[in-house]
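This is protein04.txt. It holds compact mmCIF, C-alpha atoms.
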# COMPACT_ATOMS: atom_id res chain seq x y z
CA MET A 825 13.37 -22.67 5.96
CA ARG A 826 11.09 -25.65 5.30
CA GLN A 827 9.12 -27.27 8.08
CA ARG A 828 7.90 -30.69 6.91
CA ARG A 829 5.62 -32.97 8.82
CA GLN A 830 5.79 -36.70 8.24
CA ARG A 831 3.88 -37.72 5.15
CA ARG A 832 1.39 -40.58 5.10
CA SER A 833 1.13 -42.69 1.97
CA ASP A 834 -1.47 -41.73 -0.67
CA ASP A 835 -2.33 -38.54 1.19
CA GLN A 836 -3.05 -35.13 -0.27
CA THR A 837 -0.76 -32.20 0.58
CA LEU A 838 -1.50 -28.60 1.48
CA THR A 839 1.57 -26.43 0.84
CA ILE A 840 1.61 -23.01 2.50
CA TRP A 841 4.04 -20.14 1.96
CA HIS A 842 4.16 -17.32 4.51
CA TYR A 843 6.71 -14.99 6.03
CA GLU A 844 5.62 -14.59 9.65
CA ASN A 845 8.00 -15.38 12.51
CA ASP A 846 6.97 -18.31 14.69
CA ASP A 847 6.75 -16.10 17.80
CA SER A 848 4.76 -13.31 16.14
CA ALA A 849 1.01 -12.98 16.65
CA MET A 850 0.40 -14.08 13.07
CA GLY A 851 2.86 -16.98 13.28
CA GLN A 852 1.18 -18.29 16.42
CA ALA A 853 -2.27 -17.88 14.90
CA TRP A 854 -1.28 -19.75 11.72
CA ALA A 855 0.14 -22.54 13.88
CA LYS A 856 -3.23 -22.81 15.64
CA ALA A 857 -4.99 -22.89 12.26
CA ILE A 858 -2.69 -25.69 11.07
CA GLU A 859 -3.41 -27.64 14.24
CA ILE A 860 -7.16 -27.38 13.64
CA PHE A 861 -6.82 -28.18 9.94
CA GLU A 862 -4.81 -31.33 10.68
CA GLU A 863 -7.36 -32.48 13.26
CA GLU A 864 -10.14 -32.11 10.71
CA ASN A 865 -8.11 -33.48 7.78
CA PRO A 866 -6.01 -36.34 9.19
CA ASP A 867 -5.19 -37.67 5.71
CA VAL A 868 -3.70 -34.39 4.49
CA GLU A 869 -0.07 -33.46 5.03
CA VAL A 870 0.55 -29.77 5.70
CA VAL A 871 3.87 -28.44 4.39
CA VAL A 872 4.89 -24.96 5.50
CA GLU A 873 7.61 -23.25 3.51
CA LYS A 874 8.91 -20.13 5.20
CA GLN A 875 9.80 -17.31 2.85
CA THR A 876 10.82 -13.71 3.46
CA PHE A 877 8.62 -10.81 2.50
CA GLU A 878 11.26 -9.72 -0.03
CA GLN A 879 11.52 -13.22 -1.57
CA ILE A 880 7.81 -13.44 -2.23
CA GLN A 881 7.57 -9.87 -3.49
CA LYS A 882 10.49 -10.34 -5.88
CA ASN A 883 9.80 -13.84 -7.15
CA ALA A 884 6.03 -14.35 -7.00
CA LYS A 885 5.28 -13.53 -10.64
CA ILE A 886 8.06 -15.84 -11.86
CA VAL A 887 7.27 -18.72 -9.50
CA LEU A 888 3.52 -18.63 -10.07
CA THR A 889 3.84 -19.09 -13.83
CA GLY A 890 5.25 -22.58 -13.24
CA ASP A 891 3.74 -25.80 -11.97
CA ASP A 892 5.64 -26.06 -8.68
CA VAL A 893 3.57 -23.54 -6.75
CA PRO A 894 2.15 -23.46 -3.23
CA ASP A 895 -1.53 -24.09 -2.63
CA LEU A 896 -1.78 -21.03 -0.43
CA MET A 897 0.44 -17.97 -0.12
CA GLU A 898 0.61 -14.87 2.04
CA TYR A 899 0.94 -11.83 -0.20
CA ASN A 900 0.89 -8.07 0.10
CA LYS A 901 -2.32 -6.19 -0.68
CA GLY A 902 -2.75 -3.34 -3.14
CA ASN A 903 -2.79 -2.39 -6.81
CA ALA A 904 0.93 -2.93 -7.41
CA THR A 905 1.08 -6.33 -5.67
CA ALA A 906 -1.96 -8.61 -5.35
CA GLY A 907 -3.68 -6.54 -8.03
CA GLN A 908 -0.96 -7.32 -10.55
CA LEU A 909 -1.15 -11.06 -9.84
CA ALA A 910 -4.94 -10.92 -10.25
CA ALA A 911 -4.77 -8.99 -13.53
CA GLN A 912 -2.19 -11.44 -14.91
CA GLY A 913 -4.31 -14.47 -14.00
CA LEU A 914 -1.76 -15.86 -11.55
CA ILE A 915 -4.10 -16.14 -8.56
CA THR A 916 -7.57 -17.66 -8.36
CA PRO A 917 -10.81 -15.69 -7.89
CA LEU A 918 -12.33 -16.50 -4.51
CA THR A 919 -15.70 -14.79 -4.88
CA ASP A 920 -17.74 -18.01 -4.80
CA ALA A 921 -15.92 -19.22 -1.69
CA ALA A 922 -16.35 -15.81 -0.03
CA GLU A 923 -20.10 -15.97 -0.58
CA GLU A 924 -20.49 -19.63 0.38
CA ARG A 925 -18.35 -19.36 3.51
CA GLY A 926 -19.64 -15.96 4.66
CA TRP A 927 -16.33 -14.15 4.54
CA ALA A 928 -18.01 -10.96 3.40
CA ASP A 929 -20.13 -10.99 6.57
CA LYS A 930 -17.03 -11.17 8.76
CA LEU A 931 -15.09 -8.39 7.01
CA SER A 932 -16.27 -4.78 7.00
CA GLY A 933 -16.39 -2.77 3.78
CA SER A 934 -12.98 -1.14 4.17
CA LEU A 935 -11.42 -4.50 5.02
CA GLN A 936 -12.98 -6.02 1.91
CA THR A 937 -11.50 -3.29 -0.28
CA THR A 938 -8.04 -4.87 -0.28
CA ALA A 939 -9.50 -8.31 -1.05
CA THR A 940 -11.20 -7.39 -4.35
CA TYR A 941 -9.63 -6.41 -7.69
CA ASP A 942 -11.02 -5.60 -11.12
CA GLU A 943 -9.69 -6.74 -14.52
CA GLN A 944 -7.00 -4.05 -14.43
CA GLY A 945 -5.88 -5.12 -10.97
CA LEU A 946 -7.30 -2.07 -9.20
CA MET A 947 -8.53 -2.76 -5.69
CA GLY A 948 -12.00 -2.11 -4.39
CA SER A 949 -14.23 -3.81 -6.94
CA GLY A 950 -14.47 -6.99 -8.99
CA ASP A 951 -13.77 -10.49 -7.71
CA TRP A 952 -12.31 -11.52 -4.38
CA TYR A 953 -8.68 -12.57 -4.95
CA GLY A 954 -7.46 -12.66 -1.38
CA VAL A 955 -8.66 -12.83 2.20
CA PRO A 956 -7.21 -10.80 5.09
CA ASN A 957 -7.64 -12.02 8.64
CA TYR A 958 -5.82 -9.34 10.64
CA GLY A 959 -5.45 -5.59 10.39
CA GLU A 960 -3.15 -2.63 10.97
CA PHE A 961 -3.68 1.05 11.67
CA VAL A 962 -1.96 4.28 12.63
CA GLY A 963 -2.64 5.81 16.01
CA VAL A 964 -0.91 7.88 18.68
CA TYR A 965 1.50 6.35 21.18
CA TYR A 966 2.01 8.58 24.21
CA ASN A 967 4.29 8.74 27.23
CA LYS A 968 2.01 8.75 30.27
CA ASP A 969 4.79 9.90 32.59
CA MET A 970 5.52 12.99 30.45
CA PHE A 971 1.80 13.77 30.22
CA ALA A 972 1.46 13.52 34.00
CA GLU A 973 4.45 15.81 34.55
CA GLN A 974 2.68 18.52 32.52
CA GLY A 975 -0.76 17.80 33.98
CA LEU A 976 -2.16 16.83 30.56
CA GLU A 977 -5.03 14.55 29.62
CA VAL A 978 -5.52 12.41 26.51
CA PRO A 979 -7.01 14.66 23.79
CA THR A 980 -10.27 13.68 22.12
CA THR A 981 -10.44 16.38 19.42
CA LEU A 982 -7.93 17.89 17.02
CA GLU A 983 -8.15 21.18 18.90
CA GLU A 984 -7.32 19.44 22.21
CA PHE A 985 -4.46 17.62 20.46
CA GLU A 986 -3.05 20.99 19.40
CA ASP A 987 -3.45 22.32 22.94
CA VAL A 988 -1.45 19.36 24.26
CA MET A 989 1.30 19.92 21.70
CA GLN A 990 1.42 23.63 22.55
CA ALA A 991 1.67 22.85 26.25
CA PHE A 992 4.70 20.64 25.66
CA THR A 993 6.24 23.25 23.37
CA ASP A 994 5.75 25.93 26.03
CA ALA A 995 7.58 23.63 28.45
CA GLY A 996 10.52 23.37 26.04
CA ILE A 997 9.63 19.85 24.87
CA THR A 998 9.13 19.02 21.19
CA PRO A 999 5.86 17.06 21.29
CA LEU A 1000 6.02 14.75 18.25
CA ALA A 1001 8.62 12.15 17.34
CA GLU A 1002 8.67 12.29 13.55
CA ALA A 1003 10.55 11.10 10.48
CA GLY A 1004 10.56 12.84 7.12
CA ALA A 1005 12.97 10.52 5.32
CA GLU A 1006 10.47 7.62 5.38
CA TYR A 1007 6.74 6.94 5.78
CA PRO A 1008 5.82 8.58 9.15
CA MET A 1009 5.41 12.21 8.04
CA GLY A 1010 3.27 11.13 5.09
CA GLN A 1011 0.98 9.22 7.42
CA LEU A 1012 0.65 12.23 9.76
CA TRP A 1013 -0.22 14.41 6.74
CA TYR A 1014 -2.82 11.88 5.61
CA GLU A 1015 -4.39 11.79 9.08
CA LEU A 1016 -4.89 15.55 8.70
CA VAL A 1017 -6.36 15.03 5.22
CA LEU A 1018 -8.79 12.52 6.71
CA ALA A 1019 -9.73 15.00 9.44
CA ASN A 1020 -11.25 17.07 6.63
CA ALA A 1021 -12.47 14.24 4.38
CA ASP A 1022 -15.27 11.71 4.01
CA ARG A 1023 -15.49 8.25 2.45
CA GLU A 1024 -16.35 9.77 -0.93
CA PHE A 1025 -13.02 11.59 -0.96
CA VAL A 1026 -11.16 8.43 0.04
CA ASP A 1027 -12.81 6.51 -2.80
CA ARG A 1028 -11.83 9.23 -5.27
CA TYR A 1029 -8.24 9.33 -4.07
CA GLN A 1030 -7.60 5.64 -3.44
CA LEU A 1031 -9.97 3.88 -5.85
CA PHE A 1032 -10.12 6.46 -8.69
CA ASP A 1033 -13.87 6.79 -8.20
CA GLY A 1034 -13.91 10.35 -9.54
CA GLU A 1035 -11.46 13.22 -9.76
CA VAL A 1036 -9.29 14.47 -6.89
CA ASP A 1037 -8.87 18.21 -6.35
CA PHE A 1038 -5.44 18.56 -4.80
CA HIS A 1039 -6.19 22.19 -4.01
CA GLY A 1040 -9.62 21.36 -2.61
CA PRO A 1041 -10.53 21.77 1.07
CA GLU A 1042 -9.34 18.34 2.23
CA MET A 1043 -5.72 18.50 1.09
CA THR A 1044 -5.34 22.26 1.39
CA ALA A 1045 -6.48 22.33 5.01
CA ALA A 1046 -4.25 19.36 5.88
CA THR A 1047 -1.12 20.74 4.24
CA GLU A 1048 -1.60 24.21 5.68
CA LYS A 1049 -2.23 22.71 9.14
CA LEU A 1050 0.94 20.61 8.94
CA ASP A 1051 2.84 23.71 7.83
CA GLU A 1052 1.51 25.52 10.93
CA TRP A 1053 2.64 22.65 13.16
CA ILE A 1054 6.12 22.69 11.65
CA LYS A 1055 6.43 26.46 12.15
CA ALA A 1056 5.13 26.10 15.73
CA GLY A 1057 7.92 23.64 16.55
CA TYR A 1058 5.68 20.61 17.07
CA VAL A 1059 8.22 18.50 15.16
CA ALA A 1060 11.99 18.74 15.41
CA ASP A 1061 13.91 20.88 12.91
CA ASP A 1062 15.97 17.90 11.76
CA SER A 1063 12.95 15.63 11.13
CA ALA A 1064 13.35 15.76 7.34
CA ALA A 1065 16.48 13.61 7.55
CA LEU A 1066 15.22 11.15 10.18
CA THR A 1067 14.10 7.57 9.50
CA ALA A 1068 11.24 5.62 11.04
CA GLU A 1069 13.78 3.82 13.20
CA ASP A 1070 15.10 7.17 14.45
CA MET A 1071 11.56 8.22 15.28
CA GLY A 1072 10.69 5.02 17.14
CA VAL A 1073 13.89 4.97 19.18
CA SER A 1074 13.51 8.62 20.18
CA PHE A 1075 9.97 8.00 21.43
CA ILE A 1076 10.94 4.83 23.26
CA ASN A 1077 13.85 6.54 25.03
CA GLY A 1078 11.64 9.40 26.21
CA THR A 1079 12.91 12.24 24.04
CA TYR A 1080 9.42 12.98 22.72
CA PRO A 1081 6.06 12.48 24.46
CA MET A 1082 4.08 11.33 21.39
CA MET A 1083 4.53 9.30 18.22
CA VAL A 1084 1.94 9.06 15.44
CA SER A 1085 2.62 5.70 13.83
CA GLY A 1086 1.42 2.19 13.18
CA SER A 1087 0.31 -0.80 15.20
CA TRP A 1088 3.42 -2.57 13.85
CA TRP A 1089 5.40 -0.65 16.51
CA PHE A 1090 3.35 -2.10 19.35
CA GLY A 1091 5.50 -5.13 20.14
CA ARG A 1092 8.71 -3.13 19.98
CA VAL A 1093 7.40 -0.47 22.35
CA VAL A 1094 6.17 -3.18 24.75
CA GLU A 1095 9.61 -4.78 24.83
CA GLU A 1096 11.83 -1.69 24.97
CA MET A 1097 10.07 1.26 26.61
CA ASP A 1098 10.70 1.76 30.32
CA ALA A 1099 8.33 4.69 30.91
CA ASP A 1100 4.61 4.15 31.34
CA TRP A 1101 2.81 4.60 28.02
CA GLY A 1102 -0.48 4.15 26.22
CA GLN A 1103 -2.24 4.64 22.89
CA PHE A 1104 -5.20 6.54 21.50
CA ASN A 1105 -6.72 6.94 18.05
CA PHE A 1106 -5.93 10.11 16.14
CA PRO A 1107 -8.21 12.63 17.88
CA GLY A 1108 -11.44 13.63 16.20
CA ASN A 1109 -11.07 11.42 13.12
CA THR A 1110 -13.71 8.95 12.01
CA LEU A 1111 -11.49 7.88 9.10
CA GLN A 1112 -8.05 6.60 10.06
CA VAL A 1113 -4.87 5.57 8.27
CA GLY A 1114 -4.82 1.77 8.07
CA SER A 1115 -6.01 -1.29 6.23
CA SER A 1116 -6.34 -5.01 6.37
CA GLY A 1117 -3.17 -6.98 6.86
CA ASN A 1118 -1.67 -9.06 4.10
CA LEU A 1119 -3.79 -11.50 2.12
CA TRP A 1120 -4.08 -15.23 1.75
CA VAL A 1121 -4.12 -15.88 -2.01
CA VAL A 1122 -4.54 -19.14 -3.94
CA PRO A 1123 -2.27 -19.53 -7.01
CA THR A 1124 -4.04 -20.46 -10.24
CA ASN A 1125 -1.81 -23.51 -10.67
CA ALA A 1126 -2.32 -24.79 -7.11
CA ASP A 1127 -2.90 -28.55 -6.76
CA SER A 1128 -5.29 -28.27 -3.81
CA PRO A 1129 -7.32 -25.05 -4.06
CA GLU A 1130 -10.25 -26.47 -2.11
CA LEU A 1131 -8.00 -27.32 0.82
CA ALA A 1132 -6.52 -23.83 0.62
CA GLU A 1133 -10.01 -22.31 0.89
CA GLU A 1134 -10.74 -24.52 3.89
CA PHE A 1135 -7.57 -23.35 5.61
CA ILE A 1136 -8.44 -19.69 4.93
CA ASP A 1137 -11.83 -20.28 6.49
CA ILE A 1138 -10.22 -21.75 9.60
CA THR A 1139 -8.08 -18.61 10.05
CA LEU A 1140 -11.31 -16.62 10.43
CA ARG A 1141 -12.71 -18.85 13.18
CA PRO A 1142 -12.93 -17.45 16.72
CA GLU A 1143 -10.30 -19.81 18.13
CA VAL A 1144 -7.69 -18.54 15.64
CA GLN A 1145 -8.84 -14.91 15.69
CA ASN A 1146 -8.59 -14.94 19.47
CA VAL A 1147 -4.96 -16.06 19.29
CA LEU A 1148 -4.34 -12.97 17.18
CA ALA A 1149 -6.21 -10.89 19.76
CA GLU A 1150 -4.29 -12.23 22.75
CA LYS A 1151 -0.94 -11.64 21.00
CA GLY A 1152 -1.69 -8.12 19.72
CA GLY A 1153 -2.28 -9.17 16.11
CA LEU A 1154 -5.45 -7.10 15.54
CA PRO A 1155 -7.97 -9.72 14.48
CA VAL A 1156 -10.68 -8.82 11.98
CA ALA A 1157 -13.22 -11.06 13.73
CA GLY A 1158 -11.86 -11.49 17.24
CA ASP A 1159 -13.11 -10.83 20.75
CA ALA A 1160 -11.23 -8.27 22.82
CA SER A 1161 -12.77 -9.69 26.01
CA VAL A 1162 -10.42 -12.71 25.80
CA ILE A 1163 -7.37 -10.44 26.18
CA SER A 1164 -5.85 -10.23 29.62
CA ASP A 1165 -3.00 -7.78 28.91
CA GLU A 1166 -4.34 -4.24 29.28
CA ARG A 1167 -2.20 -2.64 26.56
CA THR A 1168 -3.01 -5.37 24.05
CA LYS A 1169 -6.68 -5.01 24.91
CA GLU A 1170 -6.47 -1.23 24.44
CA LEU A 1171 -4.80 -1.65 21.03
CA THR A 1172 -7.44 -4.14 19.90
CA GLU A 1173 -10.33 -2.02 21.18
CA ASN A 1174 -8.93 1.03 19.39
CA PHE A 1175 -8.81 -0.97 16.15
CA GLN A 1176 -12.30 -2.33 16.70
CA ALA A 1177 -13.60 1.22 17.19
CA ILE A 1178 -12.26 2.06 13.72
CA LEU A 1179 -13.85 -1.07 12.22
CA ASP A 1180 -17.17 -0.23 13.88
CA GLU A 1181 -17.15 3.06 11.93
CA ASP A 1182 -15.88 1.31 8.77
CA GLY A 1183 -13.07 3.82 9.13
CA LEU A 1184 -9.98 2.30 7.49
CA ALA A 1185 -8.85 4.75 4.79
CA PHE A 1186 -5.64 3.03 3.58
CA TYR A 1187 -2.27 4.81 3.10
CA PRO A 1188 -1.30 8.03 1.30
CA ASP A 1189 1.18 6.37 -1.07
CA TRP A 1190 -1.08 3.52 -2.22
CA PRO A 1191 -2.90 4.91 -5.26
CA VAL A 1192 -0.13 4.75 -7.88
CA PRO A 1193 3.26 3.01 -8.26
CA GLY A 1194 6.23 5.07 -7.11
CA TYR A 1195 4.08 7.49 -5.11
CA TYR A 1196 5.79 6.67 -1.82
CA ASP A 1197 8.93 8.53 -2.89
CA VAL A 1198 6.84 11.46 -4.11
CA VAL A 1199 5.04 11.85 -0.78
CA VAL A 1200 8.29 11.60 1.18
CA SER A 1201 10.08 14.15 -1.00
CA GLN A 1202 7.28 16.71 -1.05
CA LEU A 1203 6.77 16.62 2.71
CA GLN A 1204 10.51 16.90 3.30
CA SER A 1205 10.26 20.16 1.39
CA LEU A 1206 7.52 21.28 3.75
CA ILE A 1207 9.56 20.36 6.83
CA ASN A 1208 12.54 22.26 5.41
CA GLN A 1209 10.24 25.16 4.50
CA SER A 1210 11.66 25.15 0.97
CA LYS A 1211 8.14 24.87 -0.49
CA THR A 1212 4.84 26.44 0.41
CA PRO A 1213 1.81 24.23 1.05
CA SER A 1214 0.47 25.13 -2.39
CA GLU A 1215 3.75 24.13 -4.05
CA VAL A 1216 3.76 20.84 -2.13
CA LEU A 1217 0.26 20.10 -3.40
CA ASP A 1218 1.40 20.84 -6.97
CA GLY A 1219 4.27 18.40 -6.44
CA LEU A 1220 1.87 15.72 -5.21
CA GLN A 1221 -0.69 16.27 -7.95
CA THR A 1222 1.30 15.73 -11.16
CA PRO A 1223 2.79 12.27 -10.36
CA TYR A 1224 -0.58 11.12 -9.02
CA GLU A 1225 -2.43 12.11 -12.16
CA GLU A 1226 0.24 10.63 -14.43
CA GLY A 1227 0.28 7.37 -12.48
CA LYS A 1228 -3.50 7.18 -12.45
CA ALA A 1229 -3.63 7.66 -16.24
CA ASP A 1230 -1.05 4.91 -16.74
CA LEU A 1231 -3.01 2.46 -14.57
CA LEU A 1232 -6.34 3.20 -16.22
CA ASP A 1233 -4.82 2.89 -19.69
CA SER A 1234 -3.05 -0.40 -18.95

Could you show the structure in this file as structure tokens?
Amino acid sequence: MRQRRQRRSDDQTLTIWHYENDDSAMGQAWAKAIEIFEEENPDVEVVVEKQTFEQIQKNAKIVLTGDDVPDLMEYNKGNATAGQLAAQGLITPLTDAAEERGWADKLSGSLQTTATYDEQGLMGSGDWYGVPNYGEFVGVYYNKDMFAEQGLEVPTTLEEFEDVMQAFTDAGITPLAEAGAEYPMGQLWYELVLANADREFVDRYQLFDGEVDFHGPEMTAATEKLDEWIKAGYVADDSAALTAEDMGVSFINGTYPMMVSGSWWFGRVVEEMDADWGQFNFPGNTLQVGSSGNLWVVPTNADSPELAEEFIDITLRPEVQNVLAEKGGLPVAGDASVISDERTKELTENFQAILDEDGLAFYPDWPVPGYYDVVVSQLQSLINQSKTPSEVLDGLQTPYEEGKADLLDS
């Protein structure tokens, strides 16, 4: 869908592609940014062309080789997406603008990681090629009513988390809503990896800054712990075949008291869950599963790159960041004190606590192309008890090392 504002003669144009719904936190924040931009640039027409995530992912490389390109585009972060566009010269380096406009001062180290790419398109070093202005993370949603019925408190350590799960199990209640057929189980496994890891490990695993020992203490402890949880009945026997949608619905309808999943579920839970509920960060972890949100990138063939940089800068201003905050969009430079809704404030404060520790550690499937399916398959084998933890780690290691070699040789 194309939303065109009336054009004035002899004016410049700023063309923006994004895929956020108008009523989403991001959509409302971008609308505020456009309003400010137009006030400050009355002779510039802003043209917003709505795309879908799939359209941009599928067509970006083809579209950006031509001359009819947007000036600014929302695009997914990571080696296989923004990194590829950067390596192929299809998007513009933004390092000078980042330094001049102070973007690096507003974004913590782990938020910056997804903004920078080297000559091979690997994230975490090199030039800035994109700018995030919101974030996402994995935490624990919990049913307050079910906790109260069992006389349980919010856990603050991994040991207390296990005690809570055991208490529910003893009461005949499976504690965790889970899904092995899609991303959730992989993210739970990675939270357990991070419980035993430090930033150096994350950099080795995610950024190829050294070798990863798949049978080292971080991954071994996590995989053995998850195996213990499966055997203890902390996840349902049929979890291997369940999807993320199955997981979310079962938590919302009160079948399970807890769900370890992303901030992207927040709005859905707000709208659909009848029971009282809350959120807490994965207990005991300094490092957490999560990252920046998607990036604003400037195509190399854009007609108005300077205007695009100005618009990016506006999205990082307090008045736009606070729209994200108020609507549950997890701003990277917002103020939680402006939020009146208690759950939205709690979500934002939980995210800010992670940023304060520079604790975003990305996602388990990010390092190499095709690794998502590998993680899903191997952990399904663990749920089904058809592989031992050591065999699962072998199954994770080979595709990782092959994919890493391919990327480094490209």

Write out as a list in words which residues come within 6 Å of segment 1079-1090 of chain A when counting all atoms listed in the file, dropping same-chain ones fewer than 5 positions away.
Glu960, Phe961, Val962, Gly963, Val964, Tyr965, Tyr966, Asn967, Pro999, Leu1000, Ala1001 and Ser1074 of chain A

Expressed in Å, the length from atom CA of Gln936 of chain A to atom CA of Phe1175 of chain A is 15.7 Å

Tell me, as a count of residues only, which residues lie within 12 Å of Asp1100 of chain A, counting all atoms listed in the file; anything in the same chain fewer than 6 positions away does not count.
16

Counting all atoms listed in the file, which residues of segment 873-930 of chain A fall within 12 Å of segment 1150-1161 of chain A, and what is the closest atom pair for each with its distance in Å at one decimal, ordered by chain and rising number, as a tab-separated table?
residue	atom	partner	partner_atom	distance
A:Trp927	CA	A:Ala1157	CA	10.2
A:Ala928	CA	A:Ala1157	CA	11.4
A:Asp929	CA	A:Ala1157	CA	10.0
A:Lys930	CA	A:Ala1157	CA	6.3

Okay, now the selection with C-alpha atoms, as a PDB file, keeping the file's coordinate frame?
ATOM      1  CA  TRP A 927     -16.330 -14.150   4.540  1.00  0.00           C
ATOM      2  CA  ALA A 928     -18.010 -10.960   3.400  1.00  0.00           C
ATOM      3  CA  ASP A 929     -20.130 -10.990   6.570  1.00  0.00           C
ATOM      4  CA  LYS A 930     -17.030 -11.170   8.760  1.00  0.00           C
TER       5      LYS A 930
END

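Checking A:Leu1220, A:Leu1203, A:Val1026, A:Ile1178 one by one against Ala1065 of chain A, counting only C-alpha atoms, you find the shortest gap at A:Leu1203.
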
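By chain and then residue number, the residues within 10 Å of Asn1125 of chain A are Leu888, Thr889, Gly890, Asp891, Asp892, Val893, Pro894, Asp895, Gly913, Leu914, Ile915, Thr916 and Pro1129 of chain A, counting all atoms listed in the file and disregarding those fewer than 4 positions away in sequence.
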
Axis-aligned box for all listed atoms of segment 1166-1175 of chain A, 8 Å per side, centre and edges in Å to one decimal, as JSON:
{"center_x": -6.3, "center_y": -2.2, "center_z": 22.7, "size_x": 24.1, "size_y": 22.4, "size_z": 29.1}

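Distance-wise, atom CA of Tyr843 of chain A and atom CA of Lys901 of chain A end up 14.3 Å apart.
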
Name all residues at most 10 Å from Gly1034 of chain A (count all atoms listed in the file; drop same-chain ones fewer than 5 positions away) and give them as a PyMOL selection string.
chain A and resi 1024-1025+1027-1029

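You will find atom CA of Glu1166 of chain A at 16.9 Å from atom CA of Val978 of chain A.
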
Could you pull the residues within 7 Å of Gln836 of chain A, counting all atoms listed in the file, minus those fewer than 6 positions along the same chain, as a count of residues only?
3

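Remark: for Lys885 of chain A, the closest of the candidate residues A:Glu986, A:Thr1222, A:Gln908, A:Ser1128 is A:Gln908 (distances computed over all atoms listed in the file).
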
If you take only C-alpha atoms and a cut-off of 9 Å, which residues of segment 895-983 of chain A touch segment 878-882 of chain A, and what are their nearest atom pairs and distances in Å to one decimal, in chain and number order, as a tab-separated table?
residue	atom	partner	partner_atom	distance
A:Met897	CA	A:Ile880	CA	8.9
A:Glu898	CA	A:Ile880	CA	8.5
A:Tyr899	CA	A:Ile880	CA	7.3
A:Asn900	CA	A:Gln881	CA	7.8
A:Thr905	CA	A:Gln881	CA	7.7

Expected file: the selected residues, C-alpha atoms, as a JSON list (two decimals), keeping the file's coordinate frame:
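part.json written:
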[["chain", "number", "residue", "atom", "x", "y", "z"],
["A", 897, "MET", "CA", 0.44, -17.97, -0.12],
["A", 898, "GLU", "CA", 0.61, -14.87, 2.04],
["A", 899, "TYR", "CA", 0.94, -11.83, -0.20],
["A", 900, "ASN", "CA", 0.89, -8.07, 0.10],
["A", 905, "THR", "CA", 1.08, -6.33, -5.67]]

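Checking A:Asn1020, A:Thr940, A:Gln1204, A:Asn845 one by one against Lys1049 of chain A, counting all atoms listed in the file, you find the shortest gap at A:Asn1020.
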